[in-house]
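Content type mmCIF, C-alpha atoms, from the file run03.cif:
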```cif
data_data
loop_
_atom_site.group_PDB
_atom_site.id
_atom_site.type_symbol
_atom_site.label_atom_id
_atom_site.label_comp_id
_atom_site.auth_asym_id
_atom_site.auth_seq_id
_atom_site.Cartn_x
_atom_site.Cartn_y
_atom_site.Cartn_z
ATOM 1 C CA MET U 294 71.144 104.688 106.586
ATOM 2 C CA PRO U 295 70.139 107.955 104.860
ATOM 3 C CA PRO U 296 73.032 109.549 102.928
ATOM 4 C CA ARG U 297 74.713 112.470 104.659
ATOM 5 C CA SER U 298 74.187 115.857 103.047
ATOM 6 C CA ASP U 299 77.182 117.639 101.487
ATOM 7 C CA ARG U 300 76.977 120.128 104.348
ATOM 8 C CA GLU U 301 77.205 117.378 106.994
ATOM 9 C CA LYS U 302 80.188 115.878 105.195
ATOM 10 C CA GLU U 303 81.839 119.309 105.030
ATOM 11 C CA ARG U 304 81.335 119.835 108.752
ATOM 12 C CA LEU U 305 82.911 116.448 109.568
ATOM 13 C CA ILE U 306 85.875 117.045 107.244
ATOM 14 C CA GLU U 307 86.522 120.529 108.612
ATOM 15 C CA GLN U 308 86.502 119.106 112.143
ATOM 16 C CA MET U 309 88.829 116.325 111.093
ATOM 17 C CA CYS U 310 91.337 118.697 109.453
ATOM 18 C CA ALA U 311 91.352 120.788 112.646
ATOM 19 C CA PHE U 312 91.878 117.620 114.720
ATOM 20 C CA ILE U 313 94.992 116.440 112.816
ATOM 21 C CA PRO U 314 98.090 118.398 113.899
ATOM 22 C CA HIS U 315 99.941 117.846 110.621
ATOM 23 C CA CYS U 316 96.975 119.125 108.582
ATOM 24 C CA VAL U 317 96.842 122.224 110.767
ATOM 25 C CA LEU U 318 100.608 122.721 110.332
ATOM 26 C CA GLN U 319 100.426 122.474 106.535
ATOM 27 C CA GLY U 320 97.167 124.435 106.303
ATOM 28 C CA ILE U 321 95.452 121.526 104.520
ATOM 29 C CA ARG U 322 91.793 122.490 104.324
ATOM 30 C CA LEU U 323 88.527 121.550 102.730
ATOM 31 C CA GLU U 324 87.945 123.026 99.285
ATOM 32 C CA LYS U 325 84.612 121.367 98.539
ATOM 33 C CA VAL U 326 82.429 118.314 98.806
ATOM 34 C CA CYS U 327 80.396 117.328 95.811
ATOM 35 C CA GLY U 328 78.352 114.199 96.534
ATOM 36 C CA GLU U 329 80.856 111.395 97.084
ATOM 37 C CA GLU U 330 83.830 113.434 95.884
ATOM 38 C CA VAL U 331 86.028 115.510 98.190
ATOM 39 C CA THR U 332 88.592 118.172 97.271
ATOM 40 C CA LEU U 333 91.234 119.429 99.717
ATOM 41 C CA ARG U 334 93.640 122.341 99.250
ATOM 42 C CA LEU U 335 97.264 122.664 100.351
ATOM 43 C CA PRO U 336 98.540 126.260 100.271
ATOM 44 C CA TYR U 337 101.980 126.861 98.733
ATOM 45 C CA ARG U 338 104.679 127.708 101.264
ATOM 46 C CA PRO U 339 108.455 128.079 100.783
ATOM 47 C CA GLU U 340 109.084 125.373 103.460
ATOM 48 C CA LEU U 341 107.511 122.817 101.119
ATOM 49 C CA ILE U 342 110.026 123.294 98.310
ATOM 50 C CA GLY U 343 111.797 120.122 97.184
ATOM 51 C CA ASN U 344 114.144 121.555 94.585
ATOM 52 C CA PRO U 345 115.695 124.845 95.710
ATOM 53 C CA ASP U 346 117.063 125.448 92.200
ATOM 54 C CA THR U 347 113.534 125.630 90.717
ATOM 55 C CA GLY U 348 111.230 126.396 93.684
ATOM 56 C CA VAL U 349 109.044 123.398 92.874
ATOM 57 C CA ILE U 350 107.167 121.727 95.765
ATOM 58 C CA HIS U 351 108.586 118.422 97.079
ATOM 59 C CA SER U 352 106.884 115.310 95.693
ATOM 60 C CA GLY U 353 106.556 114.115 99.308
ATOM 61 C CA VAL U 354 104.173 117.005 99.977
ATOM 62 C CA ILE U 355 101.928 115.638 97.243
ATOM 63 C CA THR U 356 102.118 112.241 98.965
ATOM 64 C CA VAL U 357 100.902 113.852 102.211
ATOM 65 C CA LEU U 358 98.050 115.659 100.462
ATOM 66 C CA LEU U 359 96.959 112.612 98.450
ATOM 67 C CA ASP U 360 97.121 110.311 101.501
ATOM 68 C CA GLN U 361 94.980 112.810 103.411
ATOM 69 C CA THR U 362 92.497 113.363 100.575
ATOM 70 C CA LEU U 363 92.036 109.717 99.607
ATOM 71 C CA GLY U 364 91.706 108.847 103.305
ATOM 72 C CA THR U 365 89.061 111.549 103.710
ATOM 73 C CA ALA U 366 87.026 110.268 100.766
ATOM 74 C CA GLY U 367 85.560 107.574 103.062
ATOM 75 C CA ILE U 368 83.606 110.317 104.870
ATOM 76 C CA CYS U 369 81.965 111.287 101.588
ATOM 77 C CA CYS U 370 81.089 107.735 100.578
ATOM 78 C CA ASP U 371 77.369 107.103 101.088
ATOM 79 C CA ARG U 372 77.880 103.344 101.372
ATOM 80 C CA VAL U 373 79.938 103.434 104.584
ATOM 81 C CA GLU U 374 79.575 104.731 108.139
ATOM 82 C CA THR U 375 82.083 107.389 109.181
ATOM 83 C CA ASN U 376 84.724 105.282 110.865
ATOM 84 C CA ILE U 377 88.464 105.575 111.278
ATOM 85 C CA THR U 378 90.213 104.089 108.252
ATOM 86 C CA PRO U 379 93.961 103.445 108.442
ATOM 87 C CA THR U 380 95.795 103.408 105.108
ATOM 88 C CA LEU U 381 96.747 99.962 103.866
ATOM 89 C CA ASP U 382 98.615 101.072 100.763
ATOM 90 C CA LEU U 383 99.024 103.992 98.447
ATOM 91 C CA ARG U 384 100.440 104.228 94.953
ATOM 92 C CA ILE U 385 101.203 107.521 93.244
ATOM 93 C CA ASP U 386 102.068 108.240 89.625
ATOM 94 C CA HIS U 387 103.785 111.585 89.138
ATOM 95 C CA LEU U 388 102.478 112.982 85.856
ATOM 96 C CA GLY U 389 103.785 116.518 85.984
ATOM 97 C CA VAL U 390 105.380 119.136 88.149
ATOM 98 C CA ALA U 391 103.478 121.538 90.395
ATOM 99 C CA ALA U 392 104.049 125.108 89.246
ATOM 100 C CA ALA U 393 106.206 127.016 91.756
ATOM 101 C CA GLY U 394 104.159 129.365 93.913
ATOM 102 C CA ARG U 395 100.802 127.661 93.315
ATOM 103 C CA ASP U 396 98.494 125.907 95.795
ATOM 104 C CA ILE U 397 97.886 122.220 95.182
ATOM 105 C CA LEU U 398 94.418 120.700 95.183
ATOM 106 C CA ALA U 399 93.558 117.034 95.462
ATOM 107 C CA CYS U 400 90.312 115.334 94.687
ATOM 108 C CA ALA U 401 89.292 111.760 95.632
ATOM 109 C CA LYS U 402 86.439 109.285 95.600
ATOM 110 C CA VAL U 403 85.825 105.753 96.908
ATOM 111 C CA TYR U 404 85.230 103.494 93.909
ATOM 112 C CA LYS U 405 84.640 100.153 95.630
ATOM 113 C CA VAL U 406 83.488 99.182 99.096
ATOM 114 C CA THR U 407 83.811 95.764 100.672
ATOM 115 C CA ARG U 408 83.046 94.770 104.267
ATOM 116 C CA ARG U 409 86.595 95.553 105.403
ATOM 117 C CA VAL U 410 88.255 97.574 102.625
ATOM 118 C CA LEU U 411 87.655 100.862 100.815
ATOM 119 C CA PHE U 412 89.278 101.214 97.392
ATOM 120 C CA VAL U 413 89.941 104.860 96.608
ATOM 121 C CA GLU U 414 91.281 106.834 93.672
ATOM 122 C CA GLY U 415 92.160 110.455 93.254
ATOM 123 C CA PHE U 416 94.472 112.994 91.711
ATOM 124 C CA ALA U 417 96.313 116.221 92.491
ATOM 125 C CA TYR U 418 96.393 119.331 90.326
ATOM 126 C CA CYS U 419 97.383 122.994 90.349
ATOM 127 C CA GLU U 420 95.513 125.093 87.838
ATOM 128 C CA SER U 421 93.121 122.731 86.169
ATOM 129 C CA ALA U 422 91.598 119.408 87.236
ATOM 130 C CA LEU U 423 91.976 118.427 83.585
ATOM 131 C CA GLN U 424 95.767 118.514 83.962
ATOM 132 C CA PRO U 425 96.631 116.373 87.007
ATOM 133 C CA ILE U 426 100.201 116.515 88.317
ATOM 134 C CA ALA U 427 99.766 113.183 90.136
ATOM 135 C CA ARG U 428 97.305 110.324 90.210
ATOM 136 C CA ALA U 429 96.824 107.976 93.171
ATOM 137 C CA THR U 430 95.072 104.766 94.107
ATOM 138 C CA GLY U 431 95.012 103.188 97.512
ATOM 139 C CA SER U 432 93.100 101.034 99.933
ATOM 140 C CA TRP U 433 91.902 101.803 103.435
ATOM 141 C CA VAL U 434 90.828 99.365 106.130
ATOM 142 C CA GLN U 435 87.386 99.900 107.647
ATOM 143 C CA MET U 436 87.310 99.820 111.431
ATOM 144 C CA PRO U 437 83.586 99.875 112.286
ATOM 145 C CA GLU U 438 84.449 99.740 115.986
ATOM 146 C CA LEU U 439 86.080 103.197 115.725
ATOM 147 C CA ASN U 440 83.394 105.763 114.918
ATOM 148 C CA LEU U 441 84.885 109.021 113.634
ATOM 149 C CA ASP U 442 81.965 111.249 114.616
ATOM 150 C CA GLU U 443 82.166 110.002 118.198
ATOM 151 C CA LEU U 444 85.941 110.346 118.315
ATOM 152 C CA LEU U 445 85.818 113.952 117.088
ATOM 153 C CA ARG U 446 83.132 114.786 119.641
ATOM 154 C CA THR U 447 84.940 113.225 122.610
ATOM 155 C CA SER U 448 88.376 114.551 121.643
ATOM 156 C CA GLN U 449 87.263 118.115 120.877
ATOM 157 C CA ALA U 450 87.742 119.215 124.487
ATOM 158 C CA GLY U 451 91.196 117.614 124.605
ATOM 159 C CA VAL U 452 92.346 119.347 121.421
ATOM 160 C CA GLN U 453 91.216 122.735 122.642
ATOM 161 C CA GLN U 454 93.233 122.303 125.829
ATOM 162 C CA GLN U 455 96.494 121.622 123.946
ATOM 163 C CA MET D 236 126.384 126.204 95.776
ATOM 164 C CA ASN D 237 123.139 124.946 94.263
ATOM 165 C CA LEU D 238 121.786 121.415 94.615
ATOM 166 C CA ALA D 239 122.856 120.367 91.118
ATOM 167 C CA GLU D 240 126.469 121.248 92.054
ATOM 168 C CA LEU D 241 126.251 119.785 95.557
ATOM 169 C CA ILE D 242 125.363 116.312 94.282
ATOM 170 C CA LYS D 243 128.818 116.123 92.693
ATOM 171 C CA ARG D 244 130.481 115.815 96.121
ATOM 172 C CA PRO D 245 131.409 112.341 97.444
ATOM 173 C CA PRO D 246 128.467 111.022 99.501
ATOM 174 C CA ASP D 247 129.937 111.045 103.009
ATOM 175 C CA ALA D 248 127.999 112.090 106.129
ATOM 176 C CA ASP D 249 128.937 115.786 105.672
ATOM 177 C CA THR D 250 127.744 115.817 102.085
ATOM 178 C CA LEU D 251 124.457 114.111 102.997
ATOM 179 C CA SER D 252 123.895 116.715 105.654
ATOM 180 C CA LEU D 253 124.609 119.505 103.125
ATOM 181 C CA TRP D 254 122.170 117.942 100.656
ATOM 182 C CA LEU D 255 119.418 117.697 103.272
ATOM 183 C CA GLN D 256 120.023 121.265 104.439
ATOM 184 C CA LYS D 257 119.577 122.443 100.871
ATOM 185 C CA VAL D 258 116.058 120.993 100.572
ATOM 186 C CA PRO D 259 113.583 123.217 102.465
ATOM 187 C CA TYR D 260 111.001 120.425 102.900
ATOM 188 C CA ALA D 261 113.609 117.984 104.288
ATOM 189 C CA VAL D 262 114.638 120.686 106.800
ATOM 190 C CA HIS D 263 110.978 121.354 107.605
ATOM 191 C CA LEU D 264 110.373 117.661 108.436
ATOM 192 C CA GLY D 265 113.710 117.444 110.282
ATOM 193 C CA ILE D 266 115.220 114.617 108.195
ATOM 194 C CA ARG D 267 118.830 113.689 109.054
ATOM 195 C CA ALA D 268 121.271 111.125 107.668
ATOM 196 C CA GLU D 269 124.158 109.116 109.113
ATOM 197 C CA VAL D 270 126.645 106.795 107.457
ATOM 198 C CA HIS D 271 127.239 103.456 109.229
ATOM 199 C CA ASP D 272 129.659 100.898 107.760
ATOM 200 C CA GLY D 273 129.279 102.507 104.346
ATOM 201 C CA ASP D 274 125.460 102.306 104.440
ATOM 202 C CA ILE D 275 123.252 105.374 104.732
ATOM 203 C CA LEU D 276 120.735 105.554 107.569
ATOM 204 C CA PHE D 277 118.041 108.218 107.244
ATOM 205 C CA ILE D 278 116.377 109.512 110.411
ATOM 206 C CA LEU D 279 113.077 111.313 110.957
ATOM 207 C CA PRO D 280 113.147 112.533 114.577
ATOM 208 C CA ALA D 281 109.848 112.344 116.482
ATOM 209 C CA ASP D 282 108.023 115.681 116.426
ATOM 210 C CA ARG D 283 104.455 116.524 117.475
ATOM 211 C CA LYS D 284 103.946 118.613 114.341
ATOM 212 C CA LEU D 285 104.183 115.427 112.239
ATOM 213 C CA VAL D 286 101.245 113.734 113.983
ATOM 214 C CA GLY D 287 98.351 112.546 111.831
ATOM 215 C CA ASN D 288 96.395 110.632 114.456
ATOM 216 C CA PRO D 289 96.483 112.445 117.799
ATOM 217 C CA THR D 290 94.662 109.700 119.717
ATOM 218 C CA LEU D 291 97.387 107.045 119.309
ATOM 219 C CA PRO D 292 99.413 109.328 118.698
ATOM 220 C CA ALA D 293 100.836 108.347 115.305
ATOM 221 C CA ILE D 294 102.860 110.164 112.667
ATOM 222 C CA HIS D 295 100.889 111.133 109.534
ATOM 223 C CA GLY D 296 101.113 108.314 106.992
ATOM 224 C CA GLY D 297 101.832 110.807 104.233
ATOM 225 C CA VAL D 298 104.807 112.144 106.197
ATOM 226 C CA VAL D 299 106.206 108.623 106.575
ATOM 227 C CA GLY D 300 105.862 108.337 102.795
ATOM 228 C CA ALA D 301 107.501 111.717 102.175
ATOM 229 C CA PHE D 302 110.409 110.758 104.461
ATOM 230 C CA MET D 303 110.912 107.470 102.591
ATOM 231 C CA GLU D 304 110.718 109.224 99.224
ATOM 232 C CA GLN D 305 113.389 111.729 100.272
ATOM 233 C CA ALA D 306 115.555 108.903 101.632
ATOM 234 C CA GLY D 307 115.200 106.980 98.358
ATOM 235 C CA THR D 308 116.105 110.029 96.262
ATOM 236 C CA PHE D 309 119.290 110.903 98.156
ATOM 237 C CA TYR D 310 120.288 107.256 98.445
ATOM 238 C CA LEU D 311 120.053 106.964 94.665
ATOM 239 C CA ILE D 312 122.094 110.146 94.100
ATOM 240 C CA ALA D 313 124.735 108.817 96.493
ATOM 241 C CA ARG D 314 124.929 105.412 94.801
ATOM 242 C CA MET D 315 124.788 106.132 91.091
ATOM 243 C CA ALA D 316 127.690 107.116 88.942
ATOM 244 C CA ALA D 317 125.889 109.757 86.862
ATOM 245 C CA LEU D 318 125.702 113.189 88.465
ATOM 246 C CA VAL D 319 122.079 114.015 87.793
ATOM 247 C CA LEU D 320 119.018 114.831 89.873
ATOM 248 C CA PRO D 321 116.617 111.879 89.528
ATOM 249 C CA LYS D 322 112.944 112.593 88.870
ATOM 250 C CA ILE D 323 110.366 110.441 90.619
ATOM 251 C CA ILE D 324 108.056 108.543 88.248
ATOM 252 C CA ASN D 325 105.977 106.633 90.747
ATOM 253 C CA PHE D 326 105.912 105.651 94.360
ATOM 254 C CA SER D 327 104.227 102.672 95.974
ATOM 255 C CA LEU D 328 103.812 102.454 99.706
ATOM 256 C CA ASP D 329 102.597 99.644 101.999
ATOM 257 C CA TYR D 330 101.736 100.592 105.559
ATOM 258 C CA LEU D 331 102.403 97.716 107.949
ATOM 259 C CA ARG D 332 102.003 99.331 111.373
ATOM 260 C CA PRO D 333 101.158 102.773 112.731
ATOM 261 C CA ALA D 334 104.293 104.925 113.050
ATOM 262 C CA ARG D 335 104.162 106.024 116.683
ATOM 263 C CA LEU D 336 105.476 109.341 117.949
ATOM 264 C CA ARG D 337 109.063 108.088 118.072
ATOM 265 C CA ASP D 338 112.131 108.480 115.881
ATOM 266 C CA SER D 339 111.770 106.714 112.531
ATOM 267 C CA PHE D 340 114.581 105.249 110.443
ATOM 268 C CA ALA D 341 114.899 104.309 106.790
ATOM 269 C CA ILE D 342 117.358 102.286 104.775
ATOM 270 C CA CYS D 343 117.312 101.898 101.019
ATOM 271 C CA THR D 344 118.365 99.395 98.381
ATOM 272 C CA LEU D 345 119.135 100.247 94.797
ATOM 273 C CA THR D 346 117.257 97.289 93.368
ATOM 274 C CA ARG D 347 118.064 98.050 89.762
ATOM 275 C CA GLN D 348 119.729 100.859 87.888
ATOM 276 C CA GLY D 349 119.397 101.010 84.136
ATOM 277 C CA ARG D 350 120.541 103.788 81.850
ATOM 278 C CA GLN D 351 117.346 105.779 82.208
ATOM 279 C CA ILE D 352 115.369 104.214 85.049
ATOM 280 C CA ALA D 353 116.265 103.245 88.609
ATOM 281 C CA ASN D 354 114.247 101.186 91.076
ATOM 282 C CA VAL D 355 114.819 101.872 94.784
ATOM 283 C CA SER D 356 113.286 99.965 97.715
ATOM 284 C CA ILE D 357 112.923 101.700 101.062
ATOM 285 C CA THR D 358 112.223 100.160 104.474
ATOM 286 C CA ALA D 359 111.154 102.278 107.448
ATOM 287 C CA TRP D 360 111.057 101.160 111.071
ATOM 288 C CA GLN D 361 111.038 102.579 114.587
ATOM 289 C CA ASP D 362 112.105 100.454 117.583
ATOM 290 C CA ASP D 363 112.711 97.178 115.823
ATOM 291 C CA ARG D 364 114.355 96.934 112.449
ATOM 292 C CA THR D 365 112.743 93.520 111.887
ATOM 293 C CA ALA D 366 109.260 95.017 112.403
ATOM 294 C CA PRO D 367 109.022 97.730 109.702
ATOM 295 C CA VAL D 368 106.268 100.363 109.829
ATOM 296 C CA ALA D 369 106.259 100.769 106.042
ATOM 297 C CA LEU D 370 107.807 99.433 102.845
ATOM 298 C CA ALA D 371 108.094 101.486 99.677
ATOM 299 C CA ARG D 372 109.302 101.201 96.120
ATOM 300 C CA ALA D 373 110.084 104.094 93.833
ATOM 301 C CA HIS D 374 110.928 104.384 90.163
ATOM 302 C CA PHE D 375 113.114 107.291 89.152
ATOM 303 C CA LEU D 376 113.874 108.737 85.758
ATOM 304 C CA LEU D 377 117.529 109.600 85.310
ATOM 305 C CA PRO D 378 117.823 112.629 83.037
ATOM 306 C CA ASP D 379 120.726 112.585 80.584
ATOM 307 C CA GLY D 380 123.869 113.625 82.449
ATOM 308 C CA ASP D 381 126.653 115.927 81.310
#
```
So that I can check it, write out the structure of this file as structure tokens.
Amino acid sequence: MPPRSDREKERLIEQMCAFIPHCVLQGIRLEKVCGEEVTLRLPYRPELIGNPDTGVIHSGVITVLLDQTLGTAGICCDRVETNITPTLDLRIDHLGVAAAGRDILACAKVYKVTRRVLFVEGFAYCESALQPIARATGSWVQMPELNLDELLRTSQAGVQQQ
Amino acid sequence: MNLAELIKRPPDADTLSLWLQKVPYAVHLGIRAEVHDGDILFILPADRKLVGNPTLPAIHGGVVGAFMEQAGTFYLIARMAALVLPKIINFSLDYLRPARLRDSFAICTLTRQGRQIANVSITAWQDDRTAPVALARAHFLLPDGD
């Protein structure tokens, strides 16, 4: 299996973000693909505030973004086919607070592949990737019988009708 | 009244509702709370905007996590004696089943409360309380109170 180019990965991820209603709602979008590493962006919005006294984004929003980003990392991994991968577990360490008013970015990469499981790690940050506000690890189950490319192609018509 | 003042009210159903209304993200997701026999039941009503997998359809796993995290936070505030806003340290989530496009429920247990750290377990289910969709644990830091 030849590795997919960054551009192919970007196309698949953009399609996937457009296919997931909650990603569309939150404006979660592709920032960049760099080899096996993916970065997604979540724009700041007042609806996402967790502490009204400070204006800081809810930690649950970071959970959504990290779940999405780590789950997407499978598409960028050159050792696996693009299949649907449900989350098995996710663990998040909150290292800092997102600055009020700033977008949040999250970056992730698969670090181990077995026949059935992808082990993924990643982190979220605001201004600098050198100062993460949260770090995450998780595992995703590979479902080779559910091909993502095929699903996106067959469901495209359905999504457009909605 | 700001959130720091609101948490000083006794944690009955009205107070829980006031707390949730004060948090824009909890309002955005539609989280509600009820008190049954002294225990707090958190509810995430089914809503198409929460869908992560449109083919099943299933609620976004991250949203299930966010709902459980919010439930755990308010449960802790309601149960502890100190009137402080807890800060989440870490959150660990096991997904057991897809959360379908139905109402989801969460109940919490304060597993341990020390002077500075609290451990809360959260269980989320949909139709059948004995068949949870997800289990979570959270550690919270309790800032020094007044």
What's the 10 Å shell around stretch 307-311 of chain D, counting all atoms listed in the file, without same-chain residues fewer than 6 positions away, as a PDB file with C-alpha atoms, in the frame of the given file?
```pdb
ATOM      1  CA  ILE D 242     125.363 116.312  94.282  1.00  0.00           C
ATOM      2  CA  PRO D 246     128.467 111.022  99.501  1.00  0.00           C
ATOM      3  CA  LEU D 251     124.457 114.111 102.997  1.00  0.00           C
ATOM      4  CA  TRP D 254     122.170 117.942 100.656  1.00  0.00           C
ATOM      5  CA  LEU D 255     119.418 117.697 103.272  1.00  0.00           C
ATOM      6  CA  ALA D 268     121.271 111.125 107.668  1.00  0.00           C
ATOM      7  CA  ASP D 274     125.460 102.306 104.440  1.00  0.00           C
ATOM      8  CA  ILE D 275     123.252 105.374 104.732  1.00  0.00           C
ATOM      9  CA  LEU D 276     120.735 105.554 107.569  1.00  0.00           C
ATOM     10  CA  PHE D 277     118.041 108.218 107.244  1.00  0.00           C
ATOM     11  CA  ALA D 301     107.501 111.717 102.175  1.00  0.00           C
ATOM     12  CA  LEU D 320     119.018 114.831  89.873  1.00  0.00           C
ATOM     13  CA  PRO D 321     116.617 111.879  89.528  1.00  0.00           C
ATOM     14  CA  LYS D 322     112.944 112.593  88.870  1.00  0.00           C
ATOM     15  CA  ILE D 323     110.366 110.441  90.619  1.00  0.00           C
ATOM     16  CA  ALA D 341     114.899 104.309 106.790  1.00  0.00           C
ATOM     17  CA  ILE D 342     117.358 102.286 104.775  1.00  0.00           C
ATOM     18  CA  CYS D 343     117.312 101.898 101.019  1.00  0.00           C
ATOM     19  CA  THR D 344     118.365  99.395  98.381  1.00  0.00           C
ATOM     20  CA  LEU D 345     119.135 100.247  94.797  1.00  0.00           C
ATOM     21  CA  GLN D 348     119.729 100.859  87.888  1.00  0.00           C
ATOM     22  CA  ALA D 353     116.265 103.245  88.609  1.00  0.00           C
ATOM     23  CA  ASN D 354     114.247 101.186  91.076  1.00  0.00           C
ATOM     24  CA  VAL D 355     114.819 101.872  94.784  1.00  0.00           C
ATOM     25  CA  SER D 356     113.286  99.965  97.715  1.00  0.00           C
ATOM     26  CA  ILE D 357     112.923 101.700 101.062  1.00  0.00           C
ATOM     27  CA  THR D 358     112.223 100.160 104.474  1.00  0.00           C
ATOM     28  CA  ALA D 371     108.094 101.486  99.677  1.00  0.00           C
ATOM     29  CA  ARG D 372     109.302 101.201  96.120  1.00  0.00           C
ATOM     30  CA  ALA D 373     110.084 104.094  93.833  1.00  0.00           C
ATOM     31  CA  HIS D 374     110.928 104.384  90.163  1.00  0.00           C
ATOM     32  CA  PHE D 375     113.114 107.291  89.152  1.00  0.00           C
TER      33      PHE D 375
END
```
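On the file presented, the PyMOL selection byres ((chain D and resi 287) around 9) picks out Phe312, Ile313, Pro314, His315 and Cys316 of chain U; Lys284, Leu285, Val286, Asn288, Pro289, Pro292, Ala293, Ile294, His295, Gly296, Gly297 and Val298 of chain D.
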Selection under test: the PyMOL selection byres ((chain U and resi 409-415) around 10); residues as a PyMOL selection string: chain U and resi 330-332+359-360+362-367+370+373+378+380-385+399-408+416-417+425+427-437
Residue neighbourhood U:Asp396, 8 Å, all atoms listed in the file, exclusion window fewer than 2 positions, as a PyMOL selection string: chain U and resi 334-337+394+398+419
Straight-line distance linking atom CA of D:Arg267 with atom CA of U:Leu358, stated in Å to one decimal: 22.6 Å
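Only residues having an atom at most 12 Å from (116.4, 114.0, 79.9) are included; using only C-alpha atoms, these are D:Val319, D:Leu320, D:Pro321, D:Lys322, D:Arg350, D:Gln351, D:Ile352, D:Phe375, D:Leu376, D:Leu377, D:Pro378, D:Asp379, D:Gly380, D:Asp381.
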The PyMOL selection byres ((chain U and resi 387-389) around 6) resolved against shown file, as a ChimeraX atom specification: /U:386,390,426-427 /D:324-325
Coordinates-based distance that separates atom CA of U:Thr447 from atom CA of D:Pro333 (Å, one decimal):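 Separation of atom CA of D:Pro333 and atom CA of U:Thr447: 21.7 Å.
Going from atom CA of U:Glu307 to atom CA of U:Cys369 covers 12.5 Å.
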Spatial neighbours of U:Cys310, 8 Å, all atoms listed in the file, chain gap at least 4 places, as a VMD selection string: chain U and resid 306 316 to 317 321 to 323
Residue nearest D:Ile266 - candidates D:Ala334, D:Leu253, D:Leu238, D:Ala306, atoms counted: all atoms listed in the file: D:Ala306
